[in-house]
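*Asks:* Input structure02.cif, format and content: mmCIF, C-alpha atoms.
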data_upload
loop_
_atom_site.label_atom_id
_atom_site.label_comp_id
_atom_site.auth_asym_id
_atom_site.auth_seq_id
_atom_site.Cartn_x
_atom_site.Cartn_y
_atom_site.Cartn_z
CA MET A 145 -12.64 -2.38 22.94
CA THR A 146 -10.20 -1.47 25.70
CA ALA A 147 -6.85 0.24 25.54
CA ALA A 148 -5.24 -2.96 26.79
CA GLU A 149 -6.77 -4.97 23.93
CA VAL A 150 -5.50 -2.44 21.38
CA VAL A 151 -1.99 -2.58 22.82
CA LYS A 152 -2.10 -6.39 22.94
CA ALA A 153 -2.97 -6.57 19.23
CA ALA A 154 -0.26 -4.02 18.40
CA ASP A 155 2.26 -6.00 20.44
CA GLU A 156 1.41 -9.21 18.56
CA LEU A 157 1.94 -7.56 15.16
CA ARG A 158 5.15 -5.83 16.24
CA GLU A 159 6.58 -9.05 17.62
CA ALA A 160 5.70 -10.91 14.42
CA ALA A 161 7.63 -8.31 12.43
CA ARG A 162 10.57 -8.35 14.85
CA THR A 163 10.94 -12.13 14.91
CA ASN A 164 9.94 -12.71 11.28
CA THR A 165 7.32 -15.16 12.57
CA PRO A 166 3.68 -14.62 11.58
CA CYS A 167 1.13 -14.35 14.37
CA ALA A 168 -2.48 -15.43 14.79
CA PRO A 169 -5.21 -13.07 13.54
CA VAL A 170 -5.55 -10.04 15.82
CA ARG A 171 -9.32 -10.00 15.45
CA THR A 172 -9.07 -12.28 18.49
CA TYR A 173 -8.33 -9.15 20.54
CA VAL A 174 -10.16 -6.31 18.78
CA SER A 175 -13.16 -5.85 16.51
CA GLY A 176 -14.39 -3.04 14.28
CA LEU A 177 -12.60 -0.53 12.08
CA GLU A 178 -12.19 2.05 14.84
CA ALA A 179 -10.27 -0.44 16.95
CA ALA A 180 -8.25 -1.66 13.97
CA TYR A 181 -7.08 1.86 13.12
CA ALA A 182 -6.28 2.42 16.80
CA VAL A 183 -3.96 -0.60 16.65
CA GLN A 184 -2.38 0.73 13.46
CA ARG A 185 -1.77 4.13 15.09
CA VAL A 186 -0.01 2.52 18.05
CA ASN A 187 2.56 0.83 15.85
CA VAL A 188 2.96 3.82 13.53
CA GLY A 189 3.65 5.94 16.61
CA ARG A 190 6.18 3.42 17.84
CA ALA A 191 7.90 3.44 14.45
CA VAL A 192 8.15 7.23 14.38
CA ALA A 193 9.48 7.24 17.95
CA ALA A 194 12.14 4.76 16.81
CA GLY A 195 13.29 7.17 14.08
CA ARG A 196 11.45 5.93 11.00
CA ARG A 197 10.30 8.69 8.64
CA ILE A 198 6.80 8.85 7.15
CA VAL A 199 6.84 9.57 3.40
CA GLY A 200 3.24 8.95 2.40
CA ARG A 201 0.26 6.61 2.48
CA LYS A 202 -1.04 3.54 0.69
CA ILE A 203 -4.63 2.75 -0.19
CA GLY A 204 -5.95 -0.80 -0.08
CA LEU A 205 -9.23 -2.57 -0.82
CA THR A 206 -9.97 -0.47 -3.90
CA SER A 207 -11.50 -3.45 -5.70
CA PRO A 208 -15.28 -3.86 -5.19
CA ALA A 209 -14.83 -7.64 -5.31
CA VAL A 210 -12.31 -7.59 -2.45
CA GLN A 211 -14.50 -5.19 -0.46
CA THR A 212 -17.39 -7.61 -0.80
CA GLN A 213 -15.17 -10.51 0.25
CA LEU A 214 -14.14 -8.71 3.46
CA GLY A 215 -17.58 -7.28 4.15
CA VAL A 216 -16.72 -3.58 3.80
CA ASP A 217 -17.94 -0.77 1.56
CA GLN A 218 -14.85 1.43 1.49
CA PRO A 219 -11.08 1.20 1.01
CA ASP A 220 -8.54 1.23 3.81
CA PHE A 221 -5.16 2.92 4.22
CA GLY A 222 -1.74 2.48 5.76
CA THR A 223 1.43 4.49 6.29
CA LEU A 224 4.52 4.46 4.08
CA PHE A 225 7.95 4.89 5.64
CA ALA A 226 11.18 5.87 3.91
CA ASP A 227 12.78 2.52 4.69
CA MET A 228 9.99 0.75 2.77
CA ALA A 229 11.11 2.31 -0.53
CA VAL A 230 13.21 -0.10 -2.60
CA PRO A 231 15.30 1.47 -5.39
CA GLU A 232 14.47 -0.04 -8.77
CA GLY A 233 17.15 -2.58 -9.63
CA SER A 234 17.97 -3.39 -5.99
CA PRO A 235 16.80 -6.92 -5.12
CA VAL A 236 14.67 -7.46 -2.04
CA ALA A 237 16.74 -9.59 0.31
CA ALA A 238 15.45 -13.10 0.93
CA GLY A 239 13.72 -13.24 4.29
CA ARG A 240 13.16 -9.49 4.54
CA LEU A 241 9.40 -10.08 4.30
CA LEU A 242 7.27 -12.90 5.68
CA GLN A 243 4.88 -13.80 2.85
CA PRO A 244 5.14 -11.20 0.10
CA LYS A 245 2.82 -10.57 -2.81
CA VAL A 246 3.13 -7.96 -5.57
CA GLU A 247 0.58 -5.67 -7.17
CA ALA A 248 0.90 -2.87 -9.72
CA GLU A 249 -0.38 0.61 -8.95
CA VAL A 250 -0.31 4.27 -9.92
CA ALA A 251 1.68 6.40 -7.47
CA LEU A 252 0.97 10.10 -7.07
CA VAL A 253 3.55 12.49 -5.61
CA LEU A 254 2.01 15.62 -4.09
CA GLY A 255 3.33 19.12 -4.60
CA SER A 256 0.96 20.59 -2.04
CA GLY A 257 -1.15 19.36 0.83
CA LEU A 258 -4.79 18.26 0.74
CA PRO A 259 -6.36 19.60 3.97
CA HIS A 260 -10.06 19.51 3.03
CA ARG A 261 -12.52 16.98 4.44
CA ASP A 262 -14.48 17.18 1.19
CA CYS A 263 -11.53 16.74 -1.19
CA THR A 264 -12.47 16.49 -4.86
CA VAL A 265 -10.72 14.98 -7.86
CA VAL A 266 -9.94 18.52 -9.01
CA ASP A 267 -8.21 19.17 -5.69
CA VAL A 268 -6.12 16.04 -6.23
CA LEU A 269 -5.23 17.08 -9.78
CA ARG A 270 -4.11 20.53 -8.62
CA ALA A 271 -2.08 19.16 -5.72
CA THR A 272 -0.25 16.41 -7.63
CA ASP A 273 3.21 17.15 -9.01
CA PHE A 274 3.47 13.95 -11.05
CA ALA A 275 2.56 10.29 -11.33
CA LEU A 276 4.79 7.21 -11.45
CA PRO A 277 4.26 3.51 -12.14
CA ALA A 278 4.65 1.56 -8.91
CA LEU A 279 4.86 -1.94 -7.54
CA GLU A 280 3.62 -2.43 -4.02
CA ILE A 281 5.05 -5.48 -2.28
CA VAL A 282 2.35 -6.27 0.24
CA ASP A 283 2.96 -8.50 3.23
CA SER A 284 1.05 -9.79 6.24
CA ARG A 285 2.26 -10.36 9.74
CA VAL A 286 -0.76 -12.67 10.14
CA ALA A 287 -0.05 -16.34 9.44
CA ASP A 288 -1.20 -17.75 6.08
CA TRP A 289 -2.85 -14.44 5.11
CA ASP A 290 -5.79 -15.46 7.31
CA ILE A 291 -7.08 -11.90 7.42
CA GLY A 292 -10.33 -10.03 7.71
CA ILE A 293 -10.75 -6.28 7.52
CA VAL A 294 -9.72 -5.80 11.17
CA ASP A 295 -6.50 -7.76 10.69
CA THR A 296 -5.35 -5.96 7.56
CA VAL A 297 -6.17 -2.47 8.86
CA ALA A 298 -4.45 -3.15 12.19
CA ASP A 299 -1.43 -4.50 10.28
CA ASN A 300 -0.84 -1.15 8.54
CA ALA A 301 -3.05 -2.24 5.64
CA SER A 302 -0.80 -5.28 5.04
CA SER A 303 2.03 -3.02 3.93
CA GLY A 304 5.50 -4.27 3.08
CA LEU A 305 7.70 -2.41 0.60
CA PHE A 306 7.26 -0.42 -2.60
CA VAL A 307 9.18 0.30 -5.80
CA LEU A 308 8.65 3.45 -7.87
CA GLY A 309 9.47 3.93 -11.52
CA GLY A 310 12.05 6.60 -12.20
CA THR A 311 10.42 8.80 -14.85
CA PRO A 312 7.85 11.28 -13.49
CA VAL A 313 4.81 11.95 -15.68
CA PRO A 314 2.76 15.15 -15.25
CA LEU A 315 -1.01 14.69 -15.03
CA THR A 316 -1.74 17.17 -17.81
CA GLY A 317 -3.38 15.17 -20.59
CA LEU A 318 -3.05 11.91 -18.65
CA ASP A 319 -6.13 9.67 -18.47
CA LEU A 320 -5.59 7.70 -15.28
CA ARG A 321 -8.98 6.00 -15.53
CA GLY A 322 -8.05 4.64 -18.95
CA VAL A 323 -4.52 3.39 -18.27
CA ARG A 324 -3.97 -0.32 -18.91
CA MET A 325 -1.67 -2.45 -16.79
CA THR A 326 0.05 -5.76 -17.43
CA MET A 327 2.32 -7.31 -14.80
CA THR A 328 4.62 -10.23 -15.52
CA ARG A 329 6.59 -12.60 -13.29
CA GLY A 330 9.56 -14.12 -15.06
CA GLY A 331 8.11 -12.94 -18.36
CA GLU A 332 4.71 -14.59 -17.83
CA ALA A 333 1.65 -12.37 -17.42
CA VAL A 334 0.21 -12.76 -13.90
CA SER A 335 -2.01 -9.66 -13.56
CA GLU A 336 -3.91 -7.29 -15.81
CA GLY A 337 -6.24 -4.38 -15.19
CA THR A 338 -7.09 -0.75 -15.85
CA GLY A 339 -7.28 2.50 -13.96
CA ALA A 340 -11.04 2.05 -13.80
CA ASP A 341 -10.49 -1.10 -11.73
CA CYS A 342 -9.12 1.07 -8.91
CA LEU A 343 -12.27 2.57 -7.37
CA GLY A 344 -13.29 3.86 -10.80
CA SER A 345 -10.04 5.82 -11.10
CA PRO A 346 -6.85 6.24 -9.06
CA LEU A 347 -7.91 9.88 -8.65
CA ASN A 348 -11.12 8.79 -6.90
CA ALA A 349 -9.05 6.67 -4.52
CA ALA A 350 -6.72 9.58 -3.76
CA ALA A 351 -9.65 11.93 -3.13
CA TRP A 352 -11.17 9.39 -0.73
CA LEU A 353 -7.88 9.09 1.14
CA ALA A 354 -7.37 12.85 1.34
CA SER A 355 -10.88 13.40 2.70
CA THR A 356 -10.57 10.58 5.21
CA LEU A 357 -7.21 11.71 6.57
CA ALA A 358 -8.29 15.36 6.75
CA GLY A 359 -11.31 14.24 8.75
CA MET A 360 -8.95 12.50 11.17
CA GLY A 361 -6.83 15.63 11.56
CA ASP A 362 -3.82 14.11 9.79
CA PRO A 363 -4.03 15.38 6.20
CA LEU A 364 -1.85 14.51 3.25
CA ARG A 365 1.10 16.89 2.96
CA ALA A 366 3.33 18.29 0.23
CA GLY A 367 5.88 15.69 -0.82
CA ASP A 368 3.78 12.70 0.20
CA VAL A 369 3.77 9.59 -1.98
CA VAL A 370 0.31 8.10 -2.43
CA LEU A 371 0.01 4.52 -3.63
CA THR A 372 -3.52 4.65 -5.00
CA GLY A 373 -4.39 0.94 -5.01
CA ALA A 374 -4.02 -2.14 -7.15
CA LEU A 375 -4.98 -2.07 -10.82
CA GLY A 376 -5.27 -5.87 -10.93
CA PRO A 377 -4.86 -9.02 -8.86
CA MET A 378 -1.79 -9.49 -6.67
CA ALA A 379 0.72 -12.27 -7.33
CA VAL A 380 2.75 -14.32 -4.86
CA ALA A 381 6.49 -13.56 -4.81
CA ALA A 382 9.27 -16.06 -4.13
CA PRO A 383 13.09 -15.80 -3.97
CA GLY A 384 14.51 -15.37 -7.47
CA ASP A 385 11.34 -13.86 -8.94
CA ARG A 386 11.45 -10.79 -11.16
CA PHE A 387 8.31 -8.73 -11.69
CA GLU A 388 7.75 -6.09 -14.34
CA ALA A 389 4.66 -3.95 -14.70
CA HIS A 390 3.82 -1.85 -17.73
CA ILE A 391 1.21 0.86 -17.23
CA SER A 392 0.21 2.64 -20.41
CA GLN A 393 0.99 6.37 -20.45
CA LEU A 394 3.26 5.93 -17.39
CA GLY A 395 5.89 3.38 -18.38
CA ARG A 396 7.49 0.38 -16.69
CA VAL A 397 8.68 -0.54 -13.20
CA THR A 398 10.43 -3.68 -11.99
CA ALA A 399 11.01 -5.50 -8.70
CA GLU A 400 13.43 -8.35 -8.05
CA PHE A 401 13.69 -10.82 -5.20
CA ALA A 402 17.10 -12.16 -4.23
CA THR A 403 17.62 -15.89 -3.96
CA GLU A 404 18.31 -17.57 -0.64
CA GLY A 405 21.88 -16.89 0.46
CA ASP A 406 22.25 -13.89 -1.86
CA ALA A 407 23.75 -11.05 0.15
CA SER A 408 22.05 -8.38 -2.00
#
Using the file provided, produce a representation of the structure as structure tokens.
*Replies:*
Amino acid sequence: MTAAEVVKAADELREAARTNTPCAPVRTYVSGLEAAYAVQRVNVGRAVAAGRRIVGRKIGLTSPAVQTQLGVDQPDFGTLFADMAVPEGSPVAAGRLLQPKVEAEVALVLGSGLPHRDCTVVDVLRATDFALPALEIVDSRVADWDIGIVDTVADNASSGLFVLGGTPVPLTGLDLRGVRMTMTRGGEAVSEGTGADCLGSPLNAAAWLASTLAGMGDPLRAGDVVLTGALGPMAVAAPGDRFEAHISQLGRVTAEFATEGDAS
């Protein structure tokens, strides 16, 4: 891996986002997770320099089946920016994303930072202010979702947008491993799962993320939103679609996609 190859891959992904035209897989230019995260850091740095504000992180690849498919044995992560947050009830404009898909997750909002490289579930519990039901609208700048682990990591973990439910739930007495999720599209169930389907528990995923980021010298901070990973399969989104996820003990959250020509 050379610095020029990292920048080339970052340029391809940035141009795809700018022009709303998917690019070829960037594994053509770089290989390995170290290189993929280097590409991700280049574009995150560019975004911050352009004035975008980091508000948290997302965790991906929390399903063992997906890890096996991509040939990895751990999750991945990406960065959340303030302009990725969609208020519940505000439709996502047609054409804002390239090839969106939706998945339901548990979001944690931190009241304090997690600086330890050996973060435990207890540390996560103590640091978390509250949980919320969430819908992550994932996207890929790579054409036809032709991605491997290098492509998705380089592409900010295939991040797009996210919607948070509006009623915070404290973790006291909450069994995140046992929560059950059903997500519908237009009233038809398209995804189901449990907290245990997310790396054994969303808390396990958050502890992994906290340890990993602390080891990189960029720990989770007070106020961060953590999208802990999908509780079930993702579903393709199209203009006019309305998604609703119900997560037991946490409540409901919805996401809507405007139709073509809708100015919303």
*Asks:* Here's the selection I'm unsure about, the PyMOL selection byres ((chain A and resi 190-206) around 9); applied to the file above, which residues does it give, as a PyMOL selection string?
*Replies:* chain A and resi 185-189+207-211+214+216+218-227+253+280+301-303+341-344+349-350+353+364-365+367-375
*Asks:* Can you work out the spacing between CA of Gly317 in chain A and CA of Val230 in chain A in Å, to one decimal?
*Replies:*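 Separation of CA of Gly317 in chain A and CA of Val230 in chain A: 28.8 Å.
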*Asks:* When distances are computed from all atoms listed in the file, which of A:Arg386, A:Arg270, A:Arg285, A:Arg162 shows the smallest separation from Thr328 in chain A?
*Replies:* A:Arg386
*Asks:* Considering only C-alpha atoms, state which residue in the set A:Asp273, A:Glu388, A:Asp288, A:Glu404 is at the smallest distance from Gly330 in chain A.
*Replies:*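 Residue with the minimum atom-to-atom distance to Gly330 in chain A: A:Glu388.
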*Asks:* Have a look at CA of Val380 in chain A and CA of Val174 in chain A and let me know their distance in Å, one decimal.
*Replies:*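 Here the two named atoms are 28.1 Å from each other.
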